[in-house]
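To be precise, the following lines are input_19.txt, and they hold compact mmCIF, C-alpha atoms.
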```
# COMPACT_ATOMS: atom_id res chain seq x y z
CA MET A 1 0.00 0.00 0.00
CA GLN A 2 1.47 3.35 -1.05
CA SER A 3 0.72 6.61 0.71
CA ALA A 4 1.30 10.30 0.20
CA VAL A 5 2.90 12.36 2.97
CA TYR A 6 1.67 15.91 2.50
CA ARG A 7 3.54 18.96 3.79
CA GLN A 8 2.26 22.50 3.42
CA SER A 9 3.58 25.80 4.78
CA ALA A 10 1.27 28.51 3.43
CA PHE A 11 -1.76 28.83 1.16
CA LYS A 12 -0.26 30.99 -1.58
CA SER A 13 -0.17 30.83 -5.35
CA GLY A 14 2.70 28.70 -6.50
CA GLN A 15 2.82 26.73 -3.26
CA GLN A 16 4.18 23.21 -3.53
CA ALA A 17 3.25 19.86 -2.10
CA GLN A 18 5.63 16.97 -1.64
CA LEU A 19 4.55 13.40 -2.26
CA ARG A 20 6.76 10.49 -1.28
CA LYS A 21 6.66 7.20 -3.13
CA THR A 22 9.14 4.40 -2.52
CA GLY A 23 11.91 6.85 -1.63
CA ARG A 24 11.35 9.13 -4.62
CA SER A 25 9.89 12.63 -4.45
CA ALA A 26 7.46 14.33 -6.83
CA VAL A 27 6.77 18.06 -6.62
CA ILE A 28 3.34 19.32 -7.70
CA VAL A 29 2.38 22.99 -8.00
CA ARG A 30 -1.15 23.79 -6.82
CA ALA A 31 -3.57 25.15 -9.39
CA GLU A 32 -7.16 24.04 -8.87
CA ALA A 33 -7.10 20.58 -7.28
CA ILE A 34 -3.92 18.58 -6.85
CA ALA A 35 -4.33 15.26 -8.62
CA ILE A 36 -2.59 12.54 -6.61
CA PRO A 37 -0.69 10.26 -9.04
CA GLU A 38 -1.86 6.72 -9.65
CA GLY A 39 -0.38 4.19 -7.28
CA PHE A 40 -1.12 6.18 -4.14
CA THR A 41 -4.02 4.95 -2.02
CA GLN A 42 -3.73 7.09 1.12
CA ILE A 43 -2.96 10.66 2.16
CA HIS A 44 -1.40 11.37 5.54
CA PRO A 45 -1.60 15.03 6.71
CA ARG A 46 1.14 16.56 8.83
CA GLY A 47 1.11 19.08 11.67
CA ASP A 48 -2.26 20.55 12.67
CA ARG A 49 -3.93 19.66 9.38
CA VAL A 50 -6.78 17.26 8.77
CA LEU A 51 -7.87 15.39 5.66
CA VAL A 52 -11.55 15.83 4.82
CA LYS A 53 -13.55 13.82 2.29
CA VAL A 54 -15.78 16.36 0.56
CA ALA A 55 -19.55 15.79 0.68
CA GLN A 56 -21.43 15.00 -2.51
CA GLU A 57 -22.77 17.86 -4.57
CA GLU A 58 -26.49 18.55 -4.38
CA VAL A 59 -27.71 18.06 -7.95
CA LYS A 60 -31.41 18.29 -7.08
CA THR A 61 -33.53 20.81 -5.22
CA ARG A 62 -35.59 19.80 -2.20
CA GLY A 63 -38.54 19.43 -4.58
CA GLY A 64 -36.62 16.94 -6.72
CA ILE A 65 -35.84 19.28 -9.63
CA LEU A 66 -32.58 18.42 -11.38
CA LEU A 67 -30.18 21.36 -11.31
CA PRO A 68 -28.11 22.38 -14.36
CA PRO A 69 -24.31 22.12 -13.87
CA SER A 70 -24.02 25.92 -13.55
CA ALA A 71 -26.44 25.92 -10.60
CA VAL A 72 -24.86 23.05 -8.66
CA LYS A 73 -23.24 24.40 -5.49
CA LYS A 74 -19.84 23.14 -4.46
CA PRO A 75 -20.10 21.48 -1.04
CA THR A 76 -18.52 23.23 1.93
CA SER A 77 -18.75 20.28 4.29
CA GLY A 78 -17.24 16.83 4.54
CA ASP A 79 -16.09 14.06 6.86
CA VAL A 80 -12.72 13.96 8.62
CA ILE A 81 -10.73 10.97 7.35
CA GLU A 82 -7.27 11.49 8.84
CA LEU A 83 -5.59 13.73 11.42
CA GLY A 84 -2.04 15.07 11.36
CA ASP A 85 0.56 14.50 14.05
CA GLY A 86 -0.38 17.76 15.82
CA ARG A 87 3.13 19.19 15.72
CA VAL A 88 3.29 22.98 15.33
CA GLY A 89 6.85 24.25 15.75
CA ASP A 90 8.22 22.77 18.97
CA GLU A 91 4.73 22.13 20.31
CA VAL A 92 2.43 19.11 19.86
CA ARG A 93 -1.23 20.09 20.06
CA ALA A 94 -4.10 17.74 20.80
CA PHE A 95 -6.83 17.71 18.16
CA HIS A 96 -10.34 18.80 19.06
CA LEU A 97 -11.60 17.06 15.92
CA LYS A 98 -11.73 13.30 15.57
CA LYS A 99 -12.09 10.90 12.66
CA GLY A 100 -15.65 10.70 11.41
CA ASP A 101 -16.60 14.26 12.39
CA THR A 102 -18.56 16.15 9.74
CA VAL A 103 -17.07 19.63 9.41
CA LEU A 104 -18.07 22.89 7.79
CA TYR A 105 -15.46 25.07 6.11
CA SER A 106 -15.35 28.35 4.19
CA LYS A 107 -16.43 28.55 0.56
CA PHE A 108 -13.28 30.59 -0.12
CA GLY A 109 -10.61 28.12 -1.25
CA PHE A 110 -7.54 29.97 0.03
CA MET A 111 -8.18 28.44 3.46
CA TYR A 112 -7.52 24.89 2.27
CA THR A 113 -6.02 22.77 -0.50
CA ASP A 114 -8.13 20.70 -2.89
CA LEU A 115 -6.94 17.16 -3.58
CA ASN A 116 -8.21 14.50 -5.95
CA LEU A 117 -7.40 10.87 -5.19
CA ALA A 118 -8.80 8.14 -7.44
CA GLY A 119 -11.64 10.40 -8.58
CA GLN A 120 -12.69 11.35 -5.03
CA GLU A 121 -12.47 14.95 -3.82
CA TYR A 122 -10.71 15.78 -0.55
CA ILE A 123 -9.44 18.92 1.13
CA LEU A 124 -6.46 19.44 3.40
CA ILE A 125 -7.16 22.09 6.03
CA ARG A 126 -5.74 23.34 9.34
CA GLU A 127 -7.96 22.47 12.27
CA GLU A 128 -8.13 26.16 13.28
CA ASP A 129 -9.55 27.03 9.82
CA VAL A 130 -12.52 24.66 10.21
CA ILE A 131 -15.67 26.69 10.97
CA GLY A 132 -17.48 24.05 12.98
CA ILE A 133 -18.63 20.47 13.50
CA MET A 134 -22.02 19.52 12.07
CA PRO A 135 -24.32 17.03 13.83
CA LYS A 136 -24.34 14.46 11.02
CA THR A 137 -22.79 13.54 7.68
CA ASN A 138 -24.18 15.24 4.56
CA ALA A 139 -25.51 18.00 6.83
CA GLN A 140 -28.02 20.47 5.41
CA ALA A 141 -28.86 24.11 6.13
CA ASP A 142 -31.47 23.16 8.73
CA ASP A 143 -28.66 21.57 10.81
CA ILE A 144 -26.93 24.94 11.33
CA PRO A 145 -28.43 25.58 14.80
CA LYS A 146 -26.82 22.32 16.01
CA MET A 147 -23.34 23.19 14.74
CA ARG A 148 -20.46 23.24 17.25
CA PRO A 149 -18.01 26.07 16.40
CA MET A 150 -14.25 25.49 16.29
CA ALA A 151 -11.40 27.41 17.95
CA ASP A 152 -12.49 30.87 19.23
CA ARG A 153 -15.61 31.01 17.07
CA VAL A 154 -19.16 31.52 18.28
CA LEU A 155 -22.45 30.64 16.58
CA VAL A 156 -24.87 33.55 16.85
CA LYS A 157 -28.57 33.72 16.00
CA VAL A 158 -29.04 37.08 14.34
CA GLU A 159 -31.85 39.41 15.34
CA ASP A 160 -34.08 40.53 12.49
CA THR A 161 -33.84 44.11 11.25
CA ALA A 162 -36.85 46.37 11.15
CA ASP A 163 -38.92 46.36 7.96
CA VAL A 164 -40.48 49.75 8.68
CA THR A 165 -38.91 53.07 9.72
CA VAL A 166 -40.11 55.10 12.69
CA GLY A 167 -42.14 57.19 10.24
CA GLY A 168 -43.89 54.11 8.85
CA VAL A 169 -42.00 53.80 5.54
CA ILE A 170 -41.53 50.18 4.41
CA LEU A 171 -37.86 49.52 3.66
CA PRO A 172 -36.72 47.47 0.64
CA GLU A 173 -34.19 44.70 1.30
CA THR A 174 -31.35 46.81 -0.15
CA ALA A 175 -32.05 49.64 2.29
CA LYS A 176 -32.04 47.59 5.48
CA GLU A 177 -29.05 47.94 7.77
CA ARG A 178 -27.15 44.70 8.13
CA PRO A 179 -27.90 43.16 11.58
CA LEU A 180 -25.29 43.79 14.24
CA MET A 181 -26.96 42.12 17.20
CA GLY A 182 -27.64 38.50 18.08
CA THR A 183 -27.71 35.80 20.72
CA VAL A 184 -24.86 33.34 21.27
CA VAL A 185 -26.06 29.78 20.57
CA SER A 186 -22.82 27.85 21.05
CA LEU A 187 -19.08 28.44 21.22
CA GLY A 188 -15.80 26.73 20.42
CA PRO A 189 -13.11 25.44 22.80
CA GLY A 190 -11.07 28.66 22.48
CA LYS A 191 -7.90 29.56 20.61
CA TRP A 192 -4.45 28.31 21.52
CA ASP A 193 -2.66 30.27 24.24
CA LYS A 194 0.80 31.30 23.03
CA GLU A 195 1.92 31.96 26.60
CA ASN A 196 0.92 28.46 27.77
CA PRO A 197 1.81 25.82 25.17
CA GLY A 198 -0.77 23.06 24.84
CA GLN A 199 -3.49 25.12 26.53
CA ARG A 200 -6.44 27.03 25.09
CA LYS A 201 -7.68 30.42 26.26
CA ASN A 202 -11.07 30.47 27.97
CA MET A 203 -13.90 32.03 26.00
CA ILE A 204 -15.31 35.25 27.44
CA VAL A 205 -18.85 34.90 26.10
CA LYS A 206 -21.25 32.06 26.87
CA ALA A 207 -24.40 30.60 25.35
CA GLY A 208 -27.36 32.93 25.80
CA ASP A 209 -25.34 36.17 25.81
CA LYS A 210 -26.70 39.08 23.76
CA ILE A 211 -23.89 40.59 21.70
CA LEU A 212 -23.04 43.31 19.19
CA TYR A 213 -20.55 42.44 16.45
CA PHE A 214 -18.62 44.05 13.60
CA LYS A 215 -20.81 44.80 10.59
CA TYR A 216 -19.00 42.66 8.01
CA ALA A 217 -17.59 39.96 10.25
CA GLY A 218 -18.12 36.22 10.10
CA GLU A 219 -19.75 33.58 7.95
CA ASN A 220 -23.43 34.26 7.34
CA MET A 221 -25.87 31.35 7.13
CA GLU A 222 -29.62 30.88 6.82
CA THR A 223 -31.90 27.93 7.55
CA PRO A 224 -34.73 26.90 5.19
CA ASP A 225 -37.27 28.60 7.48
CA GLY A 226 -35.45 31.93 7.16
CA ALA A 227 -33.65 32.03 10.52
CA LYS A 228 -30.32 33.87 10.15
CA TYR A 229 -27.09 32.84 11.86
CA VAL A 230 -23.50 34.05 11.76
CA VAL A 231 -20.29 32.37 12.91
CA LEU A 232 -17.86 34.92 14.35
CA ARG A 233 -14.43 34.98 15.86
CA GLU A 234 -14.68 36.13 19.47
CA ASP A 235 -12.44 39.10 18.59
CA ASP A 236 -15.18 40.31 16.20
CA ILE A 237 -17.60 40.80 19.10
CA LEU A 238 -17.86 44.46 20.11
CA CYS A 239 -19.63 43.96 23.41
CA LYS A 240 -22.16 41.82 25.24
CA ALA A 241 -25.22 42.72 27.28
```

Using structure tokens, write down the structure that the file contains.
Amino acid sequence: MQSAVYRQSAFKSGQQAQLRKTGRSAVIVRAEAIAIPEGFTQIHPRGDRVLVKVAQEEVKTRGGILLPPSAVKKPTSGDVIELGDGRVGDEVRAFHLKKGDTVLYSKFGFMYTDLNLAGQEYILIREEDVIGIMPKTNAQADDIPKMRPMADRVLVKVEDTADVTVGGVILPETAKERPLMGTVVSLGPGKWDKENPGQRKNMIVKAGDKILYFKYAGENMETPDGAKYVVLREDDILCKA
């Protein structure tokens, strides 16, 4: 059985990945997805990175209508297949994630590396860049309230904005101020404490807190019934009630 040992230092254009096969090295420059050469059957991440098997694309709507290729959304969730060795510099960090966890990650690809092994899509991502853990595999939008945030992130249920001004004028969607207030639903384990290796900093907020947050911060999400949520870094919170 042959395996690929994947090292990665930064997510930049022109970055390189090293694959090892029977003592020989092959260097591949990242473009879209890195195609793992034939003969390799496994990928082993290093450091604080995890290997995630990408969820299947949704090719049908909830009503069963087949979507055209241009309308198919690329999944932003998947299942953790392998964990790295946890080594970051001189420190070895314990993983909060475990194999089998279904994770949510950003739709912006600079946070991870796409891999293709034997026709199956994977991503390689740092644990700290994972947004949260979903309650089940192939999670849907209605599972968002049950998500468990990662690192120093918090899941916030956003308060609705007013549809009518004080003078009674109905506001169009484009004129509404983006919500800045919400209620903390759940929070992550905290970010790593640089002053105390191997330890995480305690979160300041807790579930149930009313907070104000930066206008353009976080990952915005919406459930099928219209409930709005945002996942923020704790540093993006301005204050709490």

State, in Å with one decimal place, the distance from atom CA of Val158 of chain A to atom CA of Arg126 of chain A.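 That distance, rounded to one decimal, is 27.5 Å.
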
One decimal, in Å: what's the spacing between atom CA of Asp236 of chain A and atom CA of Asp48 of chain A?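 Separation between atom CA of Asp236 of chain A and atom CA of Asp48 of chain A: 23.9 Å.
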
All residues 8 Å or closer to Lys210 of chain A, only C-alpha atoms, same chain fewer than 6 positions away omitted, as a PyMOL selection string: chain A and resi 181-184+240-241

Of the listed residues A:Ile125, A:Asn196, A:Tyr105, A:Asp114, that which approaches Leu83 of chain A most closely, counting only C-alpha atoms: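 Closest to Leu83 of chain A of all the choices is A:Ile125.
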
Name the closest residue to Val231 of chain A among the candidates A:Arg87, A:Lys191, A:Lys206, A:Arg148; distances are taken between atoms, counting only C-alpha atoms. A:Arg148

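For the pair atom CA of Val103 of chain A and atom CA of Ile36 of chain A, the separation is 22.7 Å.
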
Quick one: of A:Leu117, A:Leu97, A:Leu124, A:Ala207, who's nearest to Thr41 of chain A, counting only C-alpha atoms?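 With only C-alpha atoms as the atom set, the closest residue is A:Leu117.
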
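With all atoms listed in the file as the atoms that count, the minimum distance from Tyr122 of chain A to the choices A:Gln56, A:Asn220, A:Ser186, A:Asn202 is reached by A:Gln56.
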
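Nearest residue to Arg200 of chain A, choosing from A:Leu212, A:Ile144, A:Asp160, A:Gly188 and counting only C-alpha atoms: A:Gly188.
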
In terms of all atoms listed in the file, the residue from A:Glu219, A:Gln199, A:Lys107, A:Asp209 at minimal distance from Cys239 of chain A is A:Asp209

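Residues having any atom no farther than 9 Å from (-34.0, 26.1, 4.7) (counting all atoms listed in the file) are Gln140, Ala141, Asp142, Glu222, Thr223, Pro224, Asp225, Gly226 and Ala227 of chain A.
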
If you count all atoms listed in the file, which residues fall within 10 Å of Lys136 of chain A, apart from same-chain ones fewer than 4 positions away, as a count of residues only? 10
